[in-house]
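Shown here: upload18.txt, compact mmCIF, C-alpha atoms.
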# COMPACT_ATOMS: atom_id res chain seq x y z
CA SER A 20 138.25 103.53 98.96
CA GLY A 21 137.03 100.18 97.64
CA VAL A 22 133.35 100.98 97.15
CA SER A 23 131.93 98.52 94.64
CA ARG A 24 128.20 99.30 94.68
CA VAL A 25 126.08 102.38 95.42
CA ILE A 26 122.32 102.35 96.06
CA VAL A 27 120.53 105.59 95.15
CA ALA A 28 116.94 106.10 96.28
CA LEU A 29 116.11 109.05 94.04
CA GLU A 30 117.84 110.99 91.28
CA ASP A 31 118.52 114.66 92.03
CA PRO A 32 116.44 116.71 89.54
CA PHE A 33 118.49 119.89 90.08
CA LYS A 34 119.72 120.71 86.57
CA GLN A 35 123.31 121.40 87.65
CA VAL A 36 123.52 117.97 89.28
CA ASN A 37 120.99 115.68 87.60
CA GLY A 38 122.68 112.44 86.61
CA GLN A 39 126.26 113.66 86.87
CA GLY A 40 127.08 111.90 90.13
CA ILE A 41 125.61 108.62 88.95
CA ALA A 42 127.46 108.90 85.64
CA ALA A 43 130.76 109.57 87.44
CA LEU A 44 130.29 106.52 89.64
CA LYS A 45 129.51 104.29 86.67
CA ALA A 46 132.50 105.67 84.76
CA ALA A 47 134.66 104.61 87.71
CA GLY A 48 133.40 101.05 87.38
CA ILE A 49 131.04 101.21 90.38
CA GLU A 50 127.71 99.44 90.15
CA VAL A 51 124.84 101.88 90.69
CA ARG A 52 121.26 100.90 91.40
CA VAL A 53 118.53 103.54 91.50
CA GLY A 54 115.04 103.43 92.97
CA LEU A 55 115.22 101.66 96.32
CA MET A 56 112.63 103.37 98.59
CA ARG A 57 111.97 105.98 95.91
CA GLU A 58 108.53 106.83 97.28
CA ALA A 59 109.83 107.40 100.82
CA ALA A 60 112.69 109.55 99.48
CA SER A 61 110.25 111.62 97.43
CA GLU A 62 108.11 112.18 100.51
CA LEU A 63 111.11 113.19 102.60
CA ASN A 64 112.28 115.69 99.95
CA ARG A 65 108.86 116.82 98.77
CA GLY A 66 109.53 120.52 99.27
CA PHE A 67 112.84 120.53 97.40
CA LEU A 68 111.34 118.48 94.56
CA SER A 69 108.37 120.84 94.34
CA SER A 70 110.62 123.90 94.05
CA ILE A 71 112.75 122.28 91.34
CA GLU A 72 109.93 120.76 89.31
CA ARG A 73 107.12 123.33 89.85
CA GLN A 74 109.04 126.45 90.92
CA ARG A 75 106.93 126.72 94.06
CA PRO A 76 107.08 125.24 97.56
CA TRP A 77 105.08 122.31 98.87
CA VAL A 78 102.01 123.89 100.51
CA GLN A 79 100.35 122.42 103.58
CA LEU A 80 97.06 124.02 104.70
CA LYS A 81 96.45 123.61 108.43
CA MET A 82 92.92 123.98 109.78
CA GLY A 83 90.97 123.05 112.91
CA MET A 84 87.24 122.49 113.00
CA SER A 85 84.26 121.11 114.90
CA LEU A 86 82.27 118.07 113.78
CA ASP A 87 80.02 120.37 111.76
CA GLY A 88 82.91 122.04 109.96
CA ARG A 89 83.06 125.27 111.97
CA THR A 90 86.23 127.08 113.01
CA ALA A 91 84.93 129.66 115.49
CA LEU A 92 81.77 130.91 117.11
CA GLY A 93 79.79 133.63 115.40
CA ASN A 94 81.44 136.19 117.69
CA GLY A 95 84.88 135.03 116.55
CA ARG A 96 85.92 133.09 119.64
CA SER A 97 87.93 129.99 118.73
CA GLN A 98 90.17 129.19 121.73
CA TRP A 99 90.16 126.34 122.05
CA ILE A 100 88.19 124.14 119.64
CA THR A 101 90.82 121.39 119.58
CA GLY A 102 92.58 119.86 122.57
CA PRO A 103 96.13 120.21 123.94
CA LYS A 104 97.50 117.16 122.08
CA SER A 105 96.37 118.60 118.76
CA ARG A 106 97.92 121.98 119.58
CA ALA A 107 101.20 120.31 120.53
CA ASP A 108 101.13 118.35 117.27
CA VAL A 109 100.76 121.58 115.29
CA GLN A 110 104.07 122.74 116.77
CA GLN A 111 105.84 119.74 115.24
CA TRP A 112 104.46 120.55 111.80
CA ARG A 113 105.36 124.22 112.18
CA ALA A 114 108.92 123.23 113.03
CA ARG A 115 109.16 121.26 109.80
CA SER A 116 108.00 124.24 107.74
CA ALA A 117 110.32 126.88 106.31
CA ALA A 118 107.55 129.48 106.38
CA ILE A 119 104.11 130.00 107.90
CA ILE A 120 101.66 132.05 105.81
CA THR A 121 98.73 133.90 107.32
CA GLY A 122 96.46 136.79 106.42
CA SER A 123 95.91 140.24 107.85
CA GLY A 124 92.44 139.29 109.10
CA THR A 125 93.84 136.52 111.29
CA VAL A 126 96.54 138.79 112.69
CA LEU A 127 94.13 141.64 113.41
CA GLY A 128 91.59 139.31 114.98
CA ASP A 129 93.82 136.96 117.01
CA ASP A 130 97.25 138.65 117.18
CA PRO A 131 99.04 135.27 116.96
CA LEU A 132 102.76 134.70 117.48
CA LEU A 133 103.03 131.99 114.78
CA THR A 134 106.27 130.71 116.29
CA VAL A 135 107.45 127.22 117.19
CA ARG A 136 107.09 126.88 120.95
CA GLN A 137 110.35 124.97 121.29
CA LEU A 138 112.79 124.41 118.44
CA SER A 139 114.50 121.03 118.27
CA SER A 140 117.96 122.50 118.84
CA PRO A 141 119.66 125.89 119.29
CA GLU A 142 120.83 125.65 115.67
CA ALA A 143 117.30 125.10 114.30
CA VAL A 144 115.95 127.93 112.14
CA ALA A 145 112.57 129.39 113.09
CA PRO A 146 110.04 129.45 110.24
CA LEU A 147 109.59 132.74 108.42
CA ARG A 148 106.26 134.34 109.36
CA VAL A 149 104.65 135.61 106.15
CA VAL A 150 101.74 138.04 106.59
CA LEU A 151 99.60 138.77 103.53
CA ASP A 152 98.66 142.37 104.24
CA SER A 153 97.78 143.90 100.87
CA ALA A 154 96.58 147.23 102.31
CA ALA A 155 99.21 147.38 105.11
CA ARG A 156 96.57 147.28 107.86
CA VAL A 157 98.57 145.27 110.40
CA PRO A 158 100.35 147.55 112.91
CA ALA A 159 104.07 147.16 113.52
CA CYS A 160 103.31 146.30 117.17
CA ALA A 161 101.59 143.02 116.19
CA GLN A 162 103.16 139.97 117.82
CA VAL A 163 103.89 138.44 114.43
CA PHE A 164 106.43 141.26 113.90
CA ASN A 165 107.98 141.00 117.38
CA GLY A 166 111.47 139.92 116.32
CA ASN A 167 111.34 136.52 118.07
CA ALA A 168 111.35 134.95 114.60
CA PRO A 169 111.85 136.40 111.10
CA SER A 170 108.83 138.04 109.49
CA LEU A 171 107.83 139.16 106.01
CA ARG A 172 105.00 141.59 105.28
CA VAL A 173 103.51 141.10 101.81
CA VAL A 174 101.66 144.09 100.38
CA HIS A 175 100.12 145.17 97.09
CA HIS A 176 102.74 146.80 94.88
CA ASP A 177 100.91 150.17 95.01
CA THR A 178 100.29 150.25 98.77
CA PRO A 179 102.04 153.05 100.68
CA LEU A 180 103.77 151.81 103.82
CA PRO A 181 103.72 153.44 107.26
CA VAL A 182 106.88 154.95 108.68
CA THR A 183 107.10 152.21 111.30
CA GLN A 184 107.20 148.90 109.47
CA PRO A 185 108.93 145.52 109.64
CA PRO A 186 112.29 145.54 107.87
CA ASP A 187 111.37 142.88 105.29
CA VAL A 188 108.60 143.74 102.83
CA LEU A 189 107.59 142.00 99.61
CA ARG A 190 105.44 143.80 97.03
CA LEU A 191 103.18 141.71 94.80
CA HIS A 192 100.58 142.30 92.12
CA GLY A 193 96.96 141.52 92.84
CA ASP A 194 93.34 142.30 92.07
CA SER A 195 90.06 142.74 93.92
CA GLU A 196 90.24 139.10 95.02
CA GLY A 197 93.60 139.54 96.72
CA LEU A 198 97.33 139.19 96.13
CA ASP A 199 98.75 136.94 93.41
CA LEU A 200 99.33 133.68 95.31
CA HIS A 201 101.22 132.09 92.42
CA GLU A 202 103.70 134.96 92.44
CA LEU A 203 103.94 134.74 96.23
CA LEU A 204 104.90 131.07 96.17
CA SER A 205 107.38 131.63 93.36
CA GLN A 206 109.07 134.35 95.40
CA LEU A 207 109.23 132.14 98.49
CA SER A 208 110.73 129.31 96.45
CA GLN A 209 113.41 131.65 95.11
CA ARG A 210 114.27 132.48 98.72
CA GLY A 211 114.95 128.79 99.34
CA LEU A 212 111.73 128.20 101.29
CA HIS A 213 110.60 124.79 100.05
CA ASP A 214 107.98 123.71 102.63
CA VAL A 215 105.34 126.22 103.73
CA MET A 216 102.31 126.00 105.99
CA VAL A 217 99.20 128.14 105.59
CA GLU A 218 97.43 129.02 108.86
CA ALA A 219 94.70 131.44 107.94
CA GLY A 220 91.02 132.26 108.05
CA PRO A 221 88.35 130.87 105.70
CA ARG A 222 88.87 133.49 102.99
CA LEU A 223 92.61 132.95 102.47
CA ALA A 224 92.29 129.20 102.98
CA GLY A 225 89.63 129.12 100.29
CA ALA A 226 91.78 131.24 97.98
CA PHE A 227 94.66 128.75 98.18
CA LEU A 228 92.30 125.81 97.62
CA ASN A 229 90.45 127.44 94.72
CA ALA A 230 93.77 128.32 93.06
CA GLY A 231 94.86 124.68 93.20
CA LEU A 232 97.88 125.56 95.33
CA VAL A 233 97.31 123.20 98.28
CA ASP A 234 99.30 119.97 98.29
CA GLU A 235 98.10 118.71 101.66
CA VAL A 236 95.36 119.62 104.13
CA LEU A 237 96.29 119.10 107.78
CA LEU A 238 92.87 119.03 109.43
CA TYR A 239 92.20 118.71 113.16
CA MET A 240 88.62 117.73 114.02
CA ALA A 241 87.24 118.13 117.53
CA PRO A 242 84.16 116.23 118.80
CA LYS A 243 82.06 119.38 119.21
CA LEU A 244 79.08 120.93 117.47
CA LEU A 245 79.10 124.73 117.10
CA GLY A 246 75.93 125.21 115.07
CA ASN A 247 75.03 126.87 111.80
CA LEU A 248 75.74 130.42 113.05
CA ALA A 249 79.40 129.61 113.73
CA ARG A 250 82.09 130.50 111.19
CA PRO A 251 82.75 128.15 108.26
CA LEU A 252 85.94 126.28 107.43
CA VAL A 253 86.60 127.87 104.02
CA HIS A 254 85.02 130.38 101.68
CA MET A 255 84.39 128.93 98.23
CA PRO A 256 82.30 129.91 95.22
CA GLU A 257 78.83 128.42 95.19
CA LEU A 258 78.71 125.02 93.51
CA VAL A 259 75.75 123.93 91.40
CA HIS A 260 76.95 120.39 90.60
CA LEU A 261 78.63 117.85 92.87
CA GLU A 262 81.17 117.26 90.12
CA GLN A 263 82.55 120.74 90.90
CA ALA A 264 83.53 119.73 94.45
CA LEU A 265 87.20 119.58 95.41
CA ASN A 266 88.05 115.92 95.97
CA PHE A 267 90.69 114.66 98.37
CA THR A 268 92.42 111.40 99.18
CA LEU A 269 92.77 110.46 102.86
CA PHE A 270 96.52 110.09 103.29
CA ASP A 271 96.61 109.52 107.05
CA VAL A 272 94.33 109.66 110.09
CA THR A 273 95.56 109.81 113.70
CA GLN A 274 93.74 110.19 117.01
CA LEU A 275 95.18 112.88 119.29
CA GLY A 276 93.38 112.80 122.62
CA GLN A 277 89.72 113.28 121.74
CA ASP A 278 90.53 114.88 118.38
CA LEU A 279 91.23 113.37 114.98
CA ARG A 280 94.03 114.60 112.72
CA LEU A 281 93.38 114.04 109.05
CA ARG A 282 96.00 114.47 106.36
CA LEU A 283 94.30 114.86 102.99
CA ARG A 284 95.74 115.44 99.56
CA PRO A 285 93.99 116.56 96.37
CA ALA A 286 92.97 113.44 94.49
CA GLN A 287 94.99 114.36 91.40
CA VAL A 288 98.23 114.75 93.41
CA ALA A 289 97.77 112.04 96.01
CA GLY A 290 101.46 111.11 95.72
CA ALA A 291 104.34 113.09 97.21
CA THR A 292 104.94 115.11 94.05
Show me, as C-alpha cells, the structure contained in the file I just sent.
Amino acid sequence: SGVSRVIVALEDPFKQVNGQGIAALKAAGIEVRVGLMREAASELNRGFLSSIERQRPWVQLKMGMSLDGRTALGNGRSQWITGPKSRADVQQWRARSAAIITGSGTVLGDDPLLTVRQLSSPEAVAPLRVVLDSAARVPACAQVFNGNAPSLRVVHHDTPLPVTQPPDVLRLHGDSEGLDLHELLSQLSQRGLHDVMVEAGPRLAGAFLNAGLVDEVLLYMAPKLLGNLARPLVHMPELVHLEQALNFTLFDVTQLGQDLRLRLRPAQVAGAT
C-alpha cells in the first residue's frame, strides 16, 4: 500500500502481541518510530495496561464531601451535599467505568441504582454493578439488582445464599475485616473489566485506600460545613505520626458550579501506570 513510516505512541505489553507488529513492519522495510505522545496514550489505556502489568483493574475511588470532610449528617442524610453539576459529572465518569463497586451498607442505607443516567449510544455497555455483600444481607428487591444493568453479588465463600438471588454471584475468601479486595480485583480483571469505580461508604473506601488499591481519588467538595457529628469521609486506623499519612498528588482541579472536583493520585503512582 506504499506506507513508508509508522508512528507508534505506545508498545502493546500483551505478551501475545508485544513487539511482534513493530518487528513485522521493520522487517518489511518500514520505518517505525515509537514514543510520540506516550504519556497521553498510557493515560488513555490506563485500565488495559493495569490489567496486563498488575493483573488488576485501574481503580478510581469517587467520594463527595463538605468543606470539613463529612459525607453525611449524623442521621445518615446525604442528599444532596454536592450540586447538580457535580452529580452530572459523576455520570460521565460512571460511563467510562467497566464496573462500579459498592458495599452492602451503602445499598441497605440508600438503595442506589448505580446506573449511568444516559449512555452515550444504544450500543454502549452499562457498567457492571458489583455489590460486596459478604453475609448476603442485601435483598433481591434492591434497585441495584433490578435488571436495568448487569449486577454481581460478591459474598464470602462460606455464606449460604437465599432462594431468591441475583443470577451472578462471586464467592471470595475474607476475614473479620472483610472480603479479599486483591482477589476481587483479580477476578474482575479476568472478566475483562479494566477500569472500575468505587462508590461506597467510609468503611469500604478506607479498606481500598489502606490496602493500597486506589489509583485515583475523584473527590467532589461542596462549600458547606456539616460539623463534627456528621459522618467522616473514610475510616482509617489511628495514626500516631504524620509520616504514616497517605500522601496524594493533585492531578487536576475543576470548578463545577459551586463545587470543586479534585482528582488525586497516590504520590508513589502519580503517573498513569
Close residues, segment 235-243 of chain A itself excluded, 8 Å, all atoms listed in the file, min 3 positions apart in chain, as a ChimeraX atom specification:
/A:78-87,100-102,105,277-285
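Minimum atom-to-atom distances from A:Gln110, A:Thr273, A:Ser123, A:Ser23 to Arg156 of chain A were compared using only C-alpha atoms, and the lowest value belongs to A:Ser123.
With all atoms listed in the file as the atoms that count, the minimum distance from Asn94 of chain A to the choices A:Ala42, A:Leu248, A:Val253, A:Leu269 is reached by A:Leu248.
Counting all atoms listed in the file and comparing A:Leu138, A:Arg57, A:His201, A:Leu63, the residue that lies closest to Leu232 of chain A is A:His201.
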One decimal place gives the atom CA of Arg136 of chain A-atom CA of Val150 of chain A separation as 19.0 Å
